[in-house]
$ cat protein.txt   # compact mmCIF, N, CA and C atoms
# COMPACT_ATOMS: atom_id res chain seq x y z
N MET A 1 108.15 107.14 84.05
CA MET A 1 109.15 106.59 84.91
C MET A 1 110.23 107.62 85.19
N GLY A 2 109.81 108.80 85.54
CA GLY A 2 110.74 109.88 85.83
C GLY A 2 111.16 109.92 87.29
N LEU A 3 110.96 108.84 88.02
CA LEU A 3 111.33 108.79 89.44
C LEU A 3 112.78 108.36 89.61
N LYS A 4 113.32 108.69 90.78
CA LYS A 4 114.62 108.17 91.20
C LYS A 4 114.34 107.08 92.24
N MET A 5 115.33 106.26 92.50
CA MET A 5 115.15 105.19 93.48
C MET A 5 114.76 105.76 94.84
N THR A 6 115.28 106.92 95.19
CA THR A 6 115.00 107.49 96.50
C THR A 6 113.63 108.14 96.58
N ASP A 7 112.92 108.27 95.47
CA ASP A 7 111.58 108.85 95.48
C ASP A 7 110.52 107.87 95.97
N ALA A 8 110.79 106.59 95.85
CA ALA A 8 109.83 105.56 96.23
C ALA A 8 110.09 105.10 97.66
N ALA A 9 109.03 104.78 98.37
CA ALA A 9 109.16 104.31 99.75
C ALA A 9 109.78 102.93 99.81
N ARG A 10 109.62 102.14 98.74
CA ARG A 10 110.08 100.76 98.72
C ARG A 10 110.61 100.45 97.32
N THR A 11 111.81 99.87 97.23
CA THR A 11 112.37 99.52 95.92
C THR A 11 112.98 98.12 95.94
N LEU A 12 113.01 97.53 94.76
CA LEU A 12 113.76 96.30 94.52
C LEU A 12 114.81 96.67 93.50
N ARG A 13 116.06 96.54 93.88
CA ARG A 13 117.18 96.94 93.02
C ARG A 13 117.79 95.71 92.37
N LEU A 14 117.75 95.68 91.05
CA LEU A 14 118.27 94.55 90.29
C LEU A 14 119.39 95.01 89.37
N ALA A 15 120.24 94.08 88.96
CA ALA A 15 121.27 94.35 87.96
C ALA A 15 120.79 93.79 86.63
N ALA A 16 121.22 94.39 85.54
CA ALA A 16 120.74 93.99 84.21
C ALA A 16 121.04 92.53 83.90
N GLY A 17 122.11 91.98 84.41
CA GLY A 17 122.49 90.61 84.11
C GLY A 17 121.79 89.56 84.96
N GLU A 18 121.02 89.97 85.94
CA GLU A 18 120.35 89.02 86.83
C GLU A 18 119.16 88.36 86.14
N ALA A 19 118.92 87.13 86.53
CA ALA A 19 117.76 86.40 85.98
C ALA A 19 116.46 87.08 86.38
N ASP A 20 116.39 87.62 87.61
CA ASP A 20 115.16 88.30 88.05
C ASP A 20 114.85 89.52 87.19
N ALA A 21 115.85 90.21 86.69
CA ALA A 21 115.61 91.37 85.84
C ALA A 21 114.93 90.94 84.53
N SER A 22 115.42 89.86 83.94
CA SER A 22 114.80 89.34 82.72
C SER A 22 113.39 88.85 82.98
N ARG A 23 113.21 88.14 84.10
CA ARG A 23 111.87 87.63 84.43
C ARG A 23 110.90 88.79 84.66
N TYR A 24 111.35 89.84 85.32
CA TYR A 24 110.48 90.99 85.54
C TYR A 24 110.07 91.62 84.20
N MET A 25 111.02 91.80 83.31
CA MET A 25 110.72 92.42 82.01
C MET A 25 109.81 91.55 81.15
N LYS A 26 109.75 90.26 81.42
CA LYS A 26 108.85 89.37 80.70
C LYS A 26 107.46 89.31 81.33
N GLY A 27 107.29 89.98 82.48
CA GLY A 27 105.98 90.02 83.12
C GLY A 27 105.74 88.98 84.18
N GLU A 28 106.79 88.28 84.60
CA GLU A 28 106.62 87.20 85.57
C GLU A 28 106.58 87.73 87.00
N THR A 29 105.99 86.96 87.89
CA THR A 29 105.99 87.25 89.31
C THR A 29 107.35 86.82 89.87
N LEU A 30 107.91 87.63 90.77
CA LEU A 30 109.23 87.34 91.34
C LEU A 30 109.10 86.91 92.79
N GLN A 31 110.09 86.16 93.26
CA GLN A 31 110.19 85.76 94.66
C GLN A 31 111.56 86.20 95.20
N PRO A 32 111.80 87.50 95.30
CA PRO A 32 113.11 87.95 95.77
C PRO A 32 113.26 87.73 97.27
N ASP A 33 114.49 87.69 97.71
CA ASP A 33 114.78 87.63 99.14
C ASP A 33 114.19 88.89 99.78
N PRO A 34 113.43 88.78 100.87
CA PRO A 34 112.83 89.97 101.48
C PRO A 34 113.83 91.06 101.85
N GLY A 35 115.09 90.70 102.07
CA GLY A 35 116.11 91.69 102.39
C GLY A 35 116.48 92.58 101.21
N ARG A 36 116.08 92.19 100.01
CA ARG A 36 116.37 93.00 98.82
C ARG A 36 115.35 94.11 98.61
N ILE A 37 114.23 94.06 99.30
CA ILE A 37 113.23 95.13 99.24
C ILE A 37 113.70 96.19 100.25
N VAL A 38 114.11 97.35 99.74
CA VAL A 38 114.72 98.35 100.60
C VAL A 38 113.93 99.66 100.57
N GLY A 39 114.12 100.44 101.63
CA GLY A 39 113.49 101.75 101.74
C GLY A 39 114.36 102.84 101.13
N ARG A 40 113.97 104.09 101.35
CA ARG A 40 114.68 105.23 100.78
C ARG A 40 116.15 105.29 101.21
N ASP A 41 116.43 104.87 102.42
CA ASP A 41 117.80 104.95 102.94
C ASP A 41 118.64 103.73 102.61
N GLY A 42 118.08 102.75 101.90
CA GLY A 42 118.82 101.56 101.51
C GLY A 42 118.75 100.42 102.51
N SER A 43 118.07 100.62 103.62
CA SER A 43 117.94 99.55 104.61
C SER A 43 116.72 98.69 104.26
N PRO A 44 116.75 97.41 104.65
CA PRO A 44 115.61 96.53 104.35
C PRO A 44 114.30 97.12 104.86
N GLU A 45 113.28 97.01 104.04
CA GLU A 45 111.97 97.60 104.33
C GLU A 45 110.97 96.49 104.58
N SER A 46 110.42 96.46 105.76
CA SER A 46 109.36 95.50 106.04
C SER A 46 108.03 96.16 105.64
N GLY A 47 107.04 95.37 105.48
CA GLY A 47 105.75 95.90 105.07
C GLY A 47 105.41 95.45 103.67
N ARG A 48 104.24 95.84 103.27
CA ARG A 48 103.71 95.42 101.97
C ARG A 48 103.26 96.63 101.18
N GLY A 49 103.16 96.46 99.87
CA GLY A 49 102.63 97.53 99.04
C GLY A 49 103.38 97.70 97.75
N TRP A 50 103.12 98.82 97.11
CA TRP A 50 103.72 99.13 95.82
C TRP A 50 105.23 99.27 95.97
N THR A 51 105.95 98.67 95.03
CA THR A 51 107.41 98.65 95.06
C THR A 51 107.93 99.04 93.68
N LEU A 52 108.85 99.99 93.66
CA LEU A 52 109.49 100.40 92.41
C LEU A 52 110.60 99.43 92.09
N VAL A 53 110.57 98.83 90.90
CA VAL A 53 111.61 97.91 90.46
C VAL A 53 112.60 98.71 89.63
N CYS A 54 113.87 98.70 90.06
CA CYS A 54 114.92 99.44 89.37
C CYS A 54 115.95 98.46 88.83
N ILE A 55 116.38 98.69 87.60
CA ILE A 55 117.41 97.87 86.98
C ILE A 55 118.60 98.77 86.69
N ASP A 56 119.74 98.45 87.28
CA ASP A 56 120.96 99.26 87.19
C ASP A 56 120.71 100.71 87.59
N GLY A 57 119.85 100.91 88.58
CA GLY A 57 119.59 102.24 89.11
C GLY A 57 118.50 103.01 88.39
N PHE A 58 117.96 102.47 87.32
CA PHE A 58 116.91 103.14 86.56
C PHE A 58 115.56 102.47 86.81
N PRO A 59 114.49 103.24 87.00
CA PRO A 59 113.18 102.65 87.23
C PRO A 59 112.69 101.89 85.99
N ALA A 60 112.23 100.66 86.22
CA ALA A 60 111.73 99.83 85.12
C ALA A 60 110.21 99.66 85.20
N GLY A 61 109.65 99.78 86.39
CA GLY A 61 108.21 99.60 86.56
C GLY A 61 107.87 99.33 88.00
N TRP A 62 106.65 98.91 88.22
CA TRP A 62 106.12 98.72 89.57
C TRP A 62 105.73 97.27 89.80
N GLY A 63 105.71 96.90 91.05
CA GLY A 63 105.21 95.60 91.48
C GLY A 63 104.54 95.77 92.83
N ARG A 64 103.71 94.80 93.20
CA ARG A 64 103.06 94.81 94.51
C ARG A 64 103.71 93.74 95.38
N TRP A 65 104.35 94.18 96.45
CA TRP A 65 105.05 93.29 97.37
C TRP A 65 104.10 92.86 98.47
N ASP A 66 104.00 91.53 98.69
CA ASP A 66 103.12 91.03 99.75
C ASP A 66 103.90 90.42 100.91
N GLY A 67 105.20 90.56 100.90
CA GLY A 67 106.05 89.98 101.93
C GLY A 67 106.78 88.73 101.47
N HIS A 68 106.28 88.09 100.40
CA HIS A 68 106.90 86.89 99.85
C HIS A 68 107.03 86.96 98.34
N LEU A 69 106.04 87.53 97.67
CA LEU A 69 106.03 87.61 96.22
C LEU A 69 105.94 89.06 95.76
N LEU A 70 106.54 89.33 94.62
CA LEU A 70 106.40 90.63 93.99
C LEU A 70 105.58 90.42 92.72
N LYS A 71 104.31 90.81 92.78
CA LYS A 71 103.40 90.67 91.64
C LYS A 71 103.73 91.74 90.62
N ASN A 72 104.04 91.32 89.43
CA ASN A 72 104.46 92.22 88.37
C ASN A 72 103.30 93.11 87.91
N GLU A 73 103.53 94.40 87.89
CA GLU A 73 102.52 95.36 87.42
C GLU A 73 103.01 96.10 86.17
N LEU A 74 103.99 95.52 85.48
CA LEU A 74 104.49 96.11 84.24
C LEU A 74 103.40 96.02 83.17
N LEU A 75 103.15 97.11 82.50
CA LEU A 75 102.10 97.12 81.48
C LEU A 75 102.37 96.08 80.40
N PRO A 76 101.34 95.37 79.95
CA PRO A 76 101.54 94.31 78.96
C PRO A 76 102.27 94.76 77.70
N GLY A 77 102.03 95.94 77.24
CA GLY A 77 102.69 96.43 76.02
C GLY A 77 104.17 96.72 76.20
N TRP A 78 104.62 96.81 77.43
CA TRP A 78 106.04 97.09 77.72
C TRP A 78 106.84 95.83 77.99
N ARG A 79 106.17 94.69 78.05
CA ARG A 79 106.85 93.44 78.39
C ARG A 79 107.62 92.89 77.21
N TRP A 80 108.70 92.17 77.55
CA TRP A 80 109.47 91.47 76.53
C TRP A 80 108.74 90.18 76.16
N LEU A 81 108.95 89.72 74.99
CA LEU A 81 108.35 88.45 74.57
C LEU A 81 109.21 87.28 74.89

$ encode --input "protein.txt" --output "structure tokens"
Amino acid sequence: MGLKMTDAARTLRLAAGEADASRYMKGETLQPDPGRIVGRDGSPESGRGWTLVCIDGFPAGWGRWDGHLLKNELLPGWRWL
């Protein structure tokens, strides 16, 4: 996870205190507002595909965005219980 937010074509930026951040770390599928999926320049990114999930600006893992759901791709051994 040596990437920066600007290295990925698509990111979901979360804060550590958000419920979605905890759900992501537990391995759950997320339903974020589509406007929160942003491109390199910070503007909303339409389209589908691999999305870097960042918590407080640090990469936490990957998800697959389908336009409505972000399928969690965090490795099982890295998930919180």

$ residues_around --input "protein.txt" --residues "A:Trp65" --least-positions-apart "4" --cutoff "7 Å" --atoms "all atoms listed in the file" --output "number ranges by chain"
A: 47-51, 69-71

$ select_by_dssp --input "protein.txt" --residues "chain A" --states "strand (DSSP E or B)" --output "JSON list (two decimals) with N, CA and C atoms, in the coordinates of the input"
[["chain", "number", "residue", "atom", "x", "y", "z"],
["A", 11, "THR", "N", 111.81, 99.87, 97.23],
["A", 11, "THR", "CA", 112.37, 99.52, 95.92],
["A", 11, "THR", "C", 112.98, 98.12, 95.94],
["A", 12, "LEU", "N", 113.01, 97.53, 94.76],
["A", 12, "LEU", "CA", 113.76, 96.30, 94.52],
["A", 12, "LEU", "C", 114.81, 96.67, 93.50],
["A", 13, "ARG", "N", 116.06, 96.54, 93.88],
["A", 13, "ARG", "CA", 117.18, 96.94, 93.02],
["A", 13, "ARG", "C", 117.79, 95.71, 92.37],
["A", 14, "LEU", "N", 117.75, 95.68, 91.05],
["A", 14, "LEU", "CA", 118.27, 94.55, 90.29],
["A", 14, "LEU", "C", 119.39, 95.01, 89.37],
["A", 30, "LEU", "N", 107.91, 87.63, 90.77],
["A", 30, "LEU", "CA", 109.23, 87.34, 91.34],
["A", 30, "LEU", "C", 109.10, 86.91, 92.79],
["A", 37, "ILE", "N", 114.23, 94.06, 99.30],
["A", 37, "ILE", "CA", 113.23, 95.13, 99.24],
["A", 37, "ILE", "C", 113.70, 96.19, 100.25],
["A", 38, "VAL", "N", 114.11, 97.35, 99.74],
["A", 38, "VAL", "CA", 114.72, 98.35, 100.60],
["A", 38, "VAL", "C", 113.93, 99.66, 100.57],
["A", 44, "PRO", "N", 116.75, 97.41, 104.65],
["A", 44, "PRO", "CA", 115.61, 96.53, 104.35],
["A", 44, "PRO", "C", 114.30, 97.12, 104.86],
["A", 49, "GLY", "N", 103.16, 96.46, 99.87],
["A", 49, "GLY", "CA", 102.63, 97.53, 99.04],
["A", 49, "GLY", "C", 103.38, 97.70, 97.75],
["A", 50, "TRP", "N", 103.12, 98.82, 97.11],
["A", 50, "TRP", "CA", 103.72, 99.13, 95.82],
["A", 50, "TRP", "C", 105.23, 99.27, 95.97],
["A", 51, "THR", "N", 105.95, 98.67, 95.03],
["A", 51, "THR", "CA", 107.41, 98.65, 95.06],
["A", 51, "THR", "C", 107.93, 99.04, 93.68],
["A", 52, "LEU", "N", 108.85, 99.99, 93.66],
["A", 52, "LEU", "CA", 109.49, 100.40, 92.41],
["A", 52, "LEU", "C", 110.60, 99.43, 92.09],
["A", 53, "VAL", "N", 110.57, 98.83, 90.90],
["A", 53, "VAL", "CA", 111.61, 97.91, 90.46],
["A", 53, "VAL", "C", 112.60, 98.71, 89.63],
["A", 54, "CYS", "N", 113.87, 98.70, 90.06],
["A", 54, "CYS", "CA", 114.92, 99.44, 89.37],
["A", 54, "CYS", "C", 115.95, 98.46, 88.83],
["A", 55, "ILE", "N", 116.38, 98.69, 87.60],
["A", 55, "ILE", "CA", 117.41, 97.87, 86.98],
["A", 55, "ILE", "C", 118.60, 98.77, 86.69],
["A", 58, "PHE", "N", 117.96, 102.47, 87.32],
["A", 58, "PHE", "CA", 116.91, 103.14, 86.56],
["A", 58, "PHE", "C", 115.56, 102.47, 86.81],
["A", 59, "PRO", "N", 114.49, 103.24, 87.00],
["A", 59, "PRO", "CA", 113.18, 102.65, 87.23],
["A", 59, "PRO", "C", 112.69, 101.89, 85.99],
["A", 60, "ALA", "N", 112.23, 100.66, 86.22],
["A", 60, "ALA", "CA", 111.73, 99.83, 85.12],
["A", 60, "ALA", "C", 110.21, 99.66, 85.20],
["A", 61, "GLY", "N", 109.65, 99.78, 86.39],
["A", 61, "GLY", "CA", 108.21, 99.60, 86.56],
["A", 61, "GLY", "C", 107.87, 99.33, 88.00],
["A", 62, "TRP", "N", 106.65, 98.91, 88.22],
["A", 62, "TRP", "CA", 106.12, 98.72, 89.57],
["A", 62, "TRP", "C", 105.73, 97.27, 89.80],
["A", 63, "GLY", "N", 105.71, 96.90, 91.05],
["A", 63, "GLY", "CA", 105.21, 95.60, 91.48],
["A", 63, "GLY", "C", 104.54, 95.77, 92.83],
["A", 64, "ARG", "N", 103.71, 94.80, 93.20],
["A", 64, "ARG", "CA", 103.06, 94.81, 94.51],
["A", 64, "ARG", "C", 103.71, 93.74, 95.38],
["A", 65, "TRP", "N", 104.35, 94.18, 96.45],
["A", 65, "TRP", "CA", 105.05, 93.29, 97.37],
["A", 65, "TRP", "C", 104.10, 92.86, 98.47],
["A", 70, "LEU", "N", 106.54, 89.33, 94.62],
["A", 70, "LEU", "CA", 106.40, 90.63, 93.99],
["A", 70, "LEU", "C", 105.58, 90.42, 92.72],
["A", 71, "LYS", "N", 104.31, 90.81, 92.78],
["A", 71, "LYS", "CA", 103.40, 90.67, 91.64],
["A", 71, "LYS", "C", 103.73, 91.74, 90.62],
["A", 72, "ASN", "N", 104.04, 91.32, 89.43],
["A", 72, "ASN", "CA", 104.46, 92.22, 88.37],
["A", 72, "ASN", "C", 103.30, 93.11, 87.91]]

$ closest_residue --input "protein.txt" --among "A:Asp66, A:Glu18, A:Asp56, A:Asp7" --to "A:Arg40" --atoms "all atoms listed in the file"
A:Asp7

$ residues_around --input "protein.txt" --residues "A:Gln31" --least-positions-apart "4" --cutoff "12 Å" --atoms "only C-alpha atoms" --output "PyMOL selection string"
chain A and resi 12+19-21+23-24+35-37+63-72

$ residues_near_point --input "protein.txt" --point "(110.4, 92.1, 78.5)" --cutoff "6.5 Å" --atoms "all atoms listed in the file" --output "list in words"
Ser22, Tyr24, Met25, Lys26, Gly27, Trp78, Arg79, Trp80 and Leu81 of chain A

$ select_by_dssp --input "protein.txt" --residues "chain A" --states "alpha helix (DSSP H)" --output "list in words"
Ala19, Asp20, Ala21, Ser22, Arg23, Tyr24 and Met25 of chain A

$ atom_distance --input "protein.txt" --atom1 "atom N of A:Thr29" --atom2 "atom N of A:Asp41"
25.3 Å

$ atom_distance --input "protein.txt" --atom1 "atom CA of A:Glu45" --atom2 "atom CA of A:Pro76"
27.6 Å

$ axis_aligned_box --input "protein.txt" --around "stretch 28-44 of chain A" --padding-each-side "3 Å" --output "JSON"
{"center_x": 112.4, "center_y": 95.5, "center_z": 94.7, "size_x": 18.8, "size_y": 25.5, "size_z": 26.3}

$ atom_distance --input "protein.txt" --atom1 "atom CA of A:Ala8" --atom2 "atom CA of A:Glu28"
21.5 Å

$ closest_residue --input "protein.txt" --among "A:Pro59, A:Gly17, A:Pro34, A:Gly42" --to "A:Lys4" --atoms "all atoms listed in the file"
A:Pro59

$ decode --input "protein.txt" --residues "stretch 4-18 of chain A" --atoms "all heavy atoms" --output "mmCIF file, in the first residue's frame"
data_model
loop_
_atom_site.group_PDB
_atom_site.id
_atom_site.type_symbol
_atom_site.label_atom_id
_atom_site.label_comp_id
_atom_site.auth_asym_id
_atom_site.auth_seq_id
_atom_site.Cartn_x
_atom_site.Cartn_y
_atom_site.Cartn_z
ATOM 1 N N LYS A 4 -0.153 6.770 -3.221
ATOM 2 C CA LYS A 4 -0.778 7.992 -2.727
ATOM 3 C C LYS A 4 -2.176 8.057 -3.339
ATOM 4 O O LYS A 4 -2.455 7.386 -4.330
ATOM 5 C CB LYS A 4 0.026 9.210 -3.172
ATOM 6 C CG LYS A 4 1.411 9.255 -2.626
ATOM 7 C CD LYS A 4 2.084 10.514 -3.113
ATOM 8 C CE LYS A 4 3.458 10.153 -3.622
ATOM 9 N NZ LYS A 4 4.105 11.202 -4.340
ATOM 10 N N MET A 5 -3.020 8.891 -2.771
ATOM 11 C CA MET A 5 -4.378 9.017 -3.305
ATOM 12 C C MET A 5 -4.360 9.429 -4.774
ATOM 13 O O MET A 5 -5.190 8.978 -5.554
ATOM 14 C CB MET A 5 -5.179 10.045 -2.509
ATOM 15 C CG MET A 5 -5.603 9.559 -1.157
ATOM 16 S SD MET A 5 -6.805 10.642 -0.348
ATOM 17 C CE MET A 5 -5.894 12.154 -0.211
ATOM 18 N N THR A 6 -3.403 10.254 -5.156
ATOM 19 C CA THR A 6 -3.358 10.743 -6.530
ATOM 20 C C THR A 6 -2.803 9.719 -7.509
ATOM 21 O O THR A 6 -2.855 9.941 -8.708
ATOM 22 C CB THR A 6 -2.517 12.025 -6.599
ATOM 23 O OG1 THR A 6 -1.222 11.765 -6.065
ATOM 24 C CG2 THR A 6 -3.178 13.153 -5.832
ATOM 25 N N ASP A 7 -2.284 8.599 -7.029
ATOM 26 C CA ASP A 7 -1.765 7.551 -7.910
ATOM 27 C C ASP A 7 -2.880 6.705 -8.518
ATOM 28 O O ASP A 7 -2.694 6.091 -9.556
ATOM 29 C CB ASP A 7 -0.794 6.636 -7.166
ATOM 30 C CG ASP A 7 0.502 7.329 -6.793
ATOM 31 O OD1 ASP A 7 0.836 8.351 -7.430
ATOM 32 O OD2 ASP A 7 1.175 6.849 -5.864
ATOM 33 N N ALA A 8 -4.017 6.652 -7.866
ATOM 34 C CA ALA A 8 -5.133 5.824 -8.331
ATOM 35 C C ALA A 8 -6.083 6.650 -9.189
ATOM 36 O O ALA A 8 -6.300 7.842 -8.933
ATOM 37 C CB ALA A 8 -5.884 5.242 -7.139
ATOM 38 N N ALA A 9 -6.652 6.025 -10.189
ATOM 39 C CA ALA A 9 -7.597 6.709 -11.069
ATOM 40 C C ALA A 9 -8.900 7.025 -10.350
ATOM 41 O O ALA A 9 -9.593 7.970 -10.692
ATOM 42 C CB ALA A 9 -7.875 5.852 -12.297
ATOM 43 N N ARG A 10 -9.236 6.239 -9.324
ATOM 44 C CA ARG A 10 -10.507 6.384 -8.624
ATOM 45 C C ARG A 10 -10.266 6.115 -7.140
ATOM 46 O O ARG A 10 -9.659 5.109 -6.788
ATOM 47 C CB ARG A 10 -11.489 5.363 -9.206
ATOM 48 C CG ARG A 10 -12.887 5.487 -8.838
ATOM 49 C CD ARG A 10 -13.755 4.449 -9.569
ATOM 50 N NE ARG A 10 -13.711 4.634 -11.020
ATOM 51 C CZ ARG A 10 -13.000 3.862 -11.859
ATOM 52 N NH1 ARG A 10 -12.304 2.859 -11.418
ATOM 53 N NH2 ARG A 10 -13.006 4.093 -13.148
ATOM 54 N N THR A 11 -10.751 6.997 -6.263
ATOM 55 C CA THR A 11 -10.587 6.789 -4.824
ATOM 56 C C THR A 11 -11.882 7.071 -4.071
ATOM 57 O O THR A 11 -12.723 7.842 -4.528
ATOM 58 C CB THR A 11 -9.491 7.704 -4.218
ATOM 59 O OG1 THR A 11 -9.825 9.064 -4.439
ATOM 60 C CG2 THR A 11 -8.128 7.406 -4.793
ATOM 61 N N LEU A 12 -12.001 6.430 -2.929
ATOM 62 C CA LEU A 12 -13.040 6.737 -1.957
ATOM 63 C C LEU A 12 -12.306 7.224 -0.724
ATOM 64 O O LEU A 12 -11.499 6.486 -0.149
ATOM 65 C CB LEU A 12 -13.887 5.503 -1.630
ATOM 66 C CG LEU A 12 -14.871 5.668 -0.470
ATOM 67 C CD1 LEU A 12 -15.905 6.747 -0.773
ATOM 68 C CD2 LEU A 12 -15.554 4.346 -0.156
ATOM 69 N N ARG A 13 -12.553 8.457 -0.346
ATOM 70 C CA ARG A 13 -11.843 9.070 0.781
ATOM 71 C C ARG A 13 -12.740 9.076 2.006
ATOM 72 O O ARG A 13 -13.815 9.665 1.999
ATOM 73 C CB ARG A 13 -11.416 10.482 0.407
ATOM 74 C CG ARG A 13 -10.497 10.477 -0.794
ATOM 75 C CD ARG A 13 -10.194 11.849 -1.298
ATOM 76 N NE ARG A 13 -9.362 11.749 -2.514
ATOM 77 C CZ ARG A 13 -8.903 12.784 -3.171
ATOM 78 N NH1 ARG A 13 -9.174 14.001 -2.751
ATOM 79 N NH2 ARG A 13 -8.167 12.614 -4.247
ATOM 80 N N LEU A 14 -12.281 8.401 3.050
ATOM 81 C CA LEU A 14 -13.039 8.281 4.290
ATOM 82 C C LEU A 14 -12.250 8.884 5.443
ATOM 83 O O LEU A 14 -11.025 8.967 5.386
ATOM 84 C CB LEU A 14 -13.320 6.806 4.595
ATOM 85 C CG LEU A 14 -14.083 6.010 3.536
ATOM 86 C CD1 LEU A 14 -14.099 4.532 3.904
ATOM 87 C CD2 LEU A 14 -15.492 6.540 3.395
ATOM 88 N N ALA A 15 -12.952 9.259 6.502
ATOM 89 C CA ALA A 15 -12.316 9.711 7.739
ATOM 90 C C ALA A 15 -12.357 8.557 8.735
ATOM 91 O O ALA A 15 -13.262 7.714 8.695
ATOM 92 C CB ALA A 15 -13.047 10.919 8.307
ATOM 93 N N ALA A 16 -11.387 8.514 9.627
ATOM 94 C CA ALA A 16 -11.275 7.397 10.568
ATOM 95 C C ALA A 16 -12.509 7.244 11.447
ATOM 96 O O ALA A 16 -12.870 6.132 11.827
ATOM 97 C CB ALA A 16 -10.035 7.564 11.434
ATOM 98 N N GLY A 17 -13.192 8.312 11.761
ATOM 99 C CA GLY A 17 -14.355 8.248 12.638
ATOM 100 C C GLY A 17 -15.652 7.871 11.948
ATOM 101 O O GLY A 17 -16.669 7.652 12.611
ATOM 102 N N GLU A 18 -15.645 7.754 10.644
ATOM 103 C CA GLU A 18 -16.868 7.430 9.900
ATOM 104 C C GLU A 18 -17.243 5.962 10.056
ATOM 105 O O GLU A 18 -16.383 5.091 10.142
ATOM 106 C CB GLU A 18 -16.676 7.698 8.406
ATOM 107 C CG GLU A 18 -16.654 9.142 8.026
ATOM 108 C CD GLU A 18 -16.546 9.307 6.533
ATOM 109 O OE1 GLU A 18 -17.453 8.840 5.811
ATOM 110 O OE2 GLU A 18 -15.554 9.890 6.093
#
